[in-house]
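I have placed the structure first, in the form of structure tokens, so that the comments after it can refer back to it.
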Amino acid sequence: MACVSFVLVAAGIAPAAASGSGTRPVRSCADLVRSFDVPDARTRVTTAAVVSGTTEFCDVRGTIEPNIGFQLKLPTRTFKGRYLQYGCGGFCGLITDPAFPQGCGPAFGDAAVAATDDGHQVSPENPFDATWAANNQKARDDYFYRAPHALSKVSKTIIKTFYGKAPAQSYFNGCSNGGREALLLAQRYPHDFDGIISAAPAAYYTALIGYQAWIARNAIPNDKILLLHSAVMTACDGLDGLVDGQIEDPRLCKFDPGALAGQLTDDEIARVRRLYAGPSDHGVRLYPGGQPYGSEISWTFWLNPSPGLGRGVAAELADNALKNLVYPIGKPHSSLADFEFTLREFRRVVPETVKANSLSLDLREFRRSGGKLIIWHGAGDQGIPFESTLDYWQRLTGGKSPDWARLFVVPSMWHCEGGDTLTNFDPFRELVSWVEGGQAPSRVIAEGRDEAGNVVRTRPVFPYPLRAKYDGSGSIDDAANFVAAPGFGFSDRIRWAGEDLYHRPGPVAP
């Protein structure tokens with residue numbers, strides 16, 4: 001049986017029809033070039049053209065007032081009622097071409113898909129540009145919270161116009177800033193989507209820009225990073241019970257970089273210690289997490305310059321946001337060079353950044369509406385510490401797996417993708433089975449791919465706090481040889497400077 005049908009049959013859903021069948025349009029693609037009077041999201045479609053290929057679709061592009069650019073793809077032959085919206089990463093400003101679901105998810109091409117630039121436009125050559133936000137509160141608010149919600153309303157209106165009926169199910173999938181948007185939608189707009197995937201969410205926006213400044217200002221040379229990583233893996237790889245090139249939970253590792261005295265300078269050792277610890281002011285943590293043990297290889301491009309990028313990713317994020325985005329308009333701003341890691345400075349950014357946070361613990365309406373939420377995070381994430389997501393999960397659920405939400409922690413995986421061993425994780429097919437068939441995911445398979453794209457390792461990831469344990473036989477690169485086991489029993493709740501922010505949900509767009 002084809003994998004597309006298998007996942008739906010296992011969930012009690014009838015197999016999808018052949019890929020050549022589905023809901024046909026009742027309007028022509030060209031008819032969509034017009035204005036749509038969507039409440040509080042007036043829209044002008046500027047182009048709509050049929051694109052042929054494996055999946056023929058109507059390519060719709062336009063603007064939601066005042067300046068939210070979007071792209072919506074509408075299959076002309078294979079639409080089966082699903083709508084999938086993607087989140088936007090970084091500071092946005094670019095529309096990432098929305099891909100049709102593939103593989104073992106919904107049948108290839110059966111979903112309408114959309115993405116947005118979140119209300120402003122930047123050059124691909126300068127993706128971290130935030131000057132658009134310096135004096136434009138509407139642009140900030142569209143980026144902080146309005147754009148994903150507005151696009152969901154507009155897309156559903158256009159879908160209904162094109163096919164004659166609204167989507168049967170709506171899904172959202174985002175990582176990093178897109179993961180922040182995913183949580184924000186569940187918290188503030190609980191009726192927009194039936195199923196949501198929030199990956200490596202930038203939920204703690206108030207603290208995250210300062211965190212980027214912290215790690216950028218504590219960088220060490222790449223050759224020293226490689227040396228450090230080798231020492232960490234030698235000391236900690238086997239602490240989870242299996243020497244397999246990955247650390248199951250970085251919190252198991254207690255490696256002291258002082259052991260590399262003579263190979264790292266005293267200043268470099270101090271910097272590494274600060275990286276693992278995370279920022280603080282007189283013992284009060286300014287972010288709930290630090291750089292995870294085992295993530296060091298990813299520091300080479302996140303903390304240091306790489307080809308095509310004048311500075312590391314962290315420096316670009318921090319400097320541009322501190323100059324243009326995170327302080328109220330008209331108030332004194334800061335920069336990467338000048339930012340102070342103090343409680344006072346933390347509080348100075350709260351009034352503006354609270355609008356972007358997705359830290360509300362009240363998801364009762366999303367749950368009542370039947371919504372399903374999957375959060376996942378790489379344990380080796382160098383950009384957003386996975387500990388912050390564990391902290392939020394603990395506060396949200398008490399560390400349990402409720403009937404409407406699941407958390408998955410992927411060992412060794414970096415920010416959104418990549419890693420020493422496991423590099424890809426996609427729970428979309430499991431989300432579809434859950435929403436449409438009532439089957440909550442009991443595991444998701446993570447993959448490790450080589451540079452040529454070949455799968456070289458598979459590993460099951462179980463709902464947190466369960467972990468994958470080798471059963472003692474067969475290849476350690478085969479998911480079939482692992483079973484679920486209890487977690488390591490760490491305390492996930494973290495005391496830090498922003499604990500009042502969980503009870504301060506931001507504004508809600510109409």
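We label chains A, B, ... in the order they appear in the structure tokens, count residues from 1 in each chain, and number ligands from 1 in the order shown.
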
Per-residue DSSP, region 43-222 of chain A, filtered to helix (DSSP H, G or I), as a ChimeraX atom specification: /A:131-133,137-163,177-188,205-216,222

Within 9 Å of Ala277 (chain A) using only C-alpha atoms, minus same-chain residues under 2 positions, as a list in words: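 Returned residues: Val272, Arg273, Arg274, Leu275, Pro279, Ser280, Gly289, Gly290 and Gln291 of chain A.
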
Kindly save the residues from that selection, with N, CA and C atoms included, as a compact mmCIF listing (two decimals), in the first residue's frame.
```txt
# COMPACT_ATOMS: atom_id res chain seq x y z
N VAL A 272 33.20 30.37 26.59
CA VAL A 272 32.45 29.12 26.42
C VAL A 272 31.57 28.85 27.63
N ARG A 273 32.10 29.10 28.81
CA ARG A 273 31.28 28.91 30.01
C ARG A 273 30.06 29.81 29.97
N ARG A 274 30.24 31.05 29.51
CA ARG A 274 29.10 31.97 29.42
C ARG A 274 28.10 31.50 28.37
N LEU A 275 28.59 30.93 27.28
CA LEU A 275 27.69 30.43 26.24
C LEU A 275 26.80 29.31 26.77
N PRO A 279 22.74 34.24 29.44
CA PRO A 279 22.92 35.55 30.07
C PRO A 279 22.24 35.65 31.42
N SER A 280 22.83 36.44 32.30
CA SER A 280 22.24 36.69 33.61
C SER A 280 22.72 38.03 34.14
N GLY A 289 17.61 29.52 29.33
CA GLY A 289 18.39 28.53 28.59
C GLY A 289 19.73 29.07 28.19
N GLY A 290 20.58 28.17 27.68
CA GLY A 290 21.90 28.52 27.18
C GLY A 290 22.25 27.60 26.04
N GLN A 291 23.44 27.78 25.47
CA GLN A 291 23.86 26.93 24.36
C GLN A 291 23.96 25.48 24.83
```

Trp393 (chain A) surroundings by only C-alpha atoms, 10 Å radius, close-in-sequence under 6 positions cut, as a ChimeraX atom specification: /A:361,375,387,399-401,405-407,464,492-493

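Take the candidates A:Ala219, A:Cys58, A:Ser152, A:Ala134 and check each one against Pro332 (chain A) using only C-alpha atoms; the shortest distance goes to A:Ala134.
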
Polymer residues at most 8 Å from region 49-51 of chain A, only C-alpha atoms, same-chain spacing of 3 or more positions, as a PDB file with C-alpha atoms, in the first residue's frame:
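As a result, around14.pdb now contains:
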```
ATOM      1  CA  CYS A  29      -7.747  31.449 -12.218  1.00  0.00           C
ATOM      2  CA  ALA A  30      -7.805  34.796 -14.041  1.00  0.00           C
ATOM      3  CA  GLU A  56      -0.917  22.185 -11.922  1.00  0.00           C
ATOM      4  CA  PHE A  57      -1.982  25.158  -9.839  1.00  0.00           C
ATOM      5  CA  CYS A  58      -3.277  28.693  -9.915  1.00  0.00           C
ATOM      6  CA  ASP A  59      -0.491  30.926  -8.607  1.00  0.00           C
ATOM      7  CA  VAL A  60      -2.140  33.795  -6.743  1.00  0.00           C
TER       8      VAL A  60
END
```

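Counting only C-alpha atoms, the residue from A:Lys138, A:Ser170, A:Leu359, A:Gly87 that sits nearest to Ile329 (chain A) is A:Lys138.
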
Residues within 10 Å of Leu226 (chain A), only C-alpha atoms, excluding chain neighbours under 4 positions, as a PyMOL selection string: chain A and resi 221-222+230-232+296-300

All residues 9 Å or closer to Arg311 (chain A), only C-alpha atoms, same chain fewer than 6 positions away omitted, as a list in words: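 Counting only C-alpha atoms, the residues come to Phe301, Trp302, Leu303, Asn304 and Pro305 of chain A.
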
File of the preceding selection, N, CA and C atoms, as a PDB file, in the first residue's frame:
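Writing done, so here's selection_32.pdb:
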```pdb
ATOM      1  N   PHE A 301      28.772  28.867  12.100  1.00  0.00           N
ATOM      2  CA  PHE A 301      28.093  29.801  11.205  1.00  0.00           C
ATOM      3  C   PHE A 301      27.092  30.692  11.939  1.00  0.00           C
ATOM      4  N   TRP A 302      26.638  30.254  13.120  1.00  0.00           N
ATOM      5  CA  TRP A 302      25.680  31.087  13.844  1.00  0.00           C
ATOM      6  C   TRP A 302      26.386  32.208  14.607  1.00  0.00           C
ATOM      7  N   LEU A 303      27.560  31.912  15.131  1.00  0.00           N
ATOM      8  CA  LEU A 303      28.298  32.909  15.908  1.00  0.00           C
ATOM      9  C   LEU A 303      29.382  33.611  15.100  1.00  0.00           C
ATOM     10  N   ASN A 304      29.886  32.963  14.083  1.00  0.00           N
ATOM     11  CA  ASN A 304      30.988  33.518  13.297  1.00  0.00           C
ATOM     12  C   ASN A 304      30.568  33.758  11.856  1.00  0.00           C
ATOM     13  N   PRO A 305      31.283  34.642  11.142  1.00  0.00           N
ATOM     14  CA  PRO A 305      30.958  34.909   9.730  1.00  0.00           C
ATOM     15  C   PRO A 305      31.057  33.645   8.890  1.00  0.00           C
TER      16      PRO A 305
END
```

Distance query region 314-318 of chain A at most 10 Å, only C-alpha atoms, self and fewer than 2 positions along chain excluded, as a PyMOL selection string: chain A and resi 90-91+126-130+208-217+219+299+301-305+309-312+320-323+325-326+334-337+339+382-383

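Between CA of Arg459 (chain A) and CA of Ala484 (chain A) there is a distance of 11.1 Å.
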
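Take CA of Asp37 (chain A) and CA of Asn177 (chain A): the distance between them is 28.4 Å.
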
Strand (DSSP E) call set, DSSP backbone run, region 170-311 of chain A, as a PDB file with N, CA and C atoms, in the first residue's frame:
```pdb
ATOM      1  N   SER A 170      -7.776  23.219   8.045  1.00  0.00           N
ATOM      2  CA  SER A 170      -6.726  24.218   7.874  1.00  0.00           C
ATOM      3  C   SER A 170      -5.566  23.902   8.813  1.00  0.00           C
ATOM      4  N   TYR A 171      -4.344  23.995   8.273  1.00  0.00           N
ATOM      5  CA  TYR A 171      -3.139  23.657   9.031  1.00  0.00           C
ATOM      6  C   TYR A 171      -2.132  24.796   8.946  1.00  0.00           C
ATOM      7  N   PHE A 172      -1.310  24.907   9.984  1.00  0.00           N
ATOM      8  CA  PHE A 172      -0.220  25.887  10.008  1.00  0.00           C
ATOM      9  C   PHE A 172       1.055  25.169  10.421  1.00  0.00           C
ATOM     10  N   ASN A 173       2.151  25.500   9.741  1.00  0.00           N
ATOM     11  CA  ASN A 173       3.447  24.863  10.026  1.00  0.00           C
ATOM     12  C   ASN A 173       4.537  25.927   9.963  1.00  0.00           C
ATOM     13  N   GLY A 174       5.246  26.133  11.074  1.00  0.00           N
ATOM     14  CA  GLY A 174       6.301  27.139  11.075  1.00  0.00           C
ATOM     15  C   GLY A 174       7.414  26.796  12.031  1.00  0.00           C
ATOM     16  N   CYS A 175       8.622  27.285  11.723  1.00  0.00           N
ATOM     17  CA  CYS A 175       9.781  27.069  12.582  1.00  0.00           C
ATOM     18  C   CYS A 175      10.447  28.400  12.895  1.00  0.00           C
ATOM     19  N   GLY A 195      -5.118  22.320  12.949  1.00  0.00           N
ATOM     20  CA  GLY A 195      -3.887  21.683  13.393  1.00  0.00           C
ATOM     21  C   GLY A 195      -2.714  22.615  13.203  1.00  0.00           C
ATOM     22  N   ILE A 196      -1.829  22.673  14.209  1.00  0.00           N
ATOM     23  CA  ILE A 196      -0.711  23.612  14.198  1.00  0.00           C
ATOM     24  C   ILE A 196       0.576  22.890  14.578  1.00  0.00           C
ATOM     25  N   ILE A 197       1.645  23.160  13.824  1.00  0.00           N
ATOM     26  CA  ILE A 197       2.986  22.691  14.168  1.00  0.00           C
ATOM     27  C   ILE A 197       3.834  23.907  14.509  1.00  0.00           C
ATOM     28  N   SER A 198       4.364  23.920  15.721  1.00  0.00           N
ATOM     29  CA  SER A 198       5.245  24.994  16.180  1.00  0.00           C
ATOM     30  C   SER A 198       6.625  24.397  16.425  1.00  0.00           C
ATOM     31  N   ALA A 199       7.572  24.709  15.550  1.00  0.00           N
ATOM     32  CA  ALA A 199       8.916  24.149  15.644  1.00  0.00           C
ATOM     33  C   ALA A 199       9.897  25.203  16.145  1.00  0.00           C
ATOM     34  N   SER A 280      22.831  36.436  32.303  1.00  0.00           N
ATOM     35  CA  SER A 280      22.235  36.689  33.611  1.00  0.00           C
ATOM     36  C   SER A 280      22.721  38.029  34.141  1.00  0.00           C
ATOM     37  N   ASP A 281      22.019  38.532  35.129  1.00  0.00           N
ATOM     38  CA  ASP A 281      22.395  39.776  35.802  1.00  0.00           C
ATOM     39  C   ASP A 281      22.348  39.525  37.302  1.00  0.00           C
ATOM     40  N   VAL A 284      20.355  36.479  38.236  1.00  0.00           N
ATOM     41  CA  VAL A 284      19.010  36.369  37.667  1.00  0.00           C
ATOM     42  C   VAL A 284      19.137  36.101  36.168  1.00  0.00           C
ATOM     43  N   ARG A 285      18.596  35.001  35.722  1.00  0.00           N
ATOM     44  CA  ARG A 285      18.725  34.634  34.320  1.00  0.00           C
ATOM     45  C   ARG A 285      17.892  35.562  33.449  1.00  0.00           C
TER      46      ARG A 285
END
```

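Compared by their closest atoms to Asp141 (chain A), and using only C-alpha atoms, the residues A:Glu345, A:Asp237, A:Glu430, A:Asp118 rank with A:Asp118 nearest.
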
Interatomic distance (Å, one decimal) between CA of Ile445 (chain A) and CA of Ala202 (chain A): 23.7 Å

Option closest in space to Asp426 (chain A), from A:Ala452, A:Val461, A:Ile158, A:Leu286 [counting only C-alpha atoms]: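 Closest candidate: A:Val461.
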
Which residue of A:Asn357, A:Ala235, A:Pro402, A:Ala480 approaches Cys253 (chain A) most closely, using only C-alpha atoms: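 Selected residue with least distance to Cys253 (chain A): A:Ala235.
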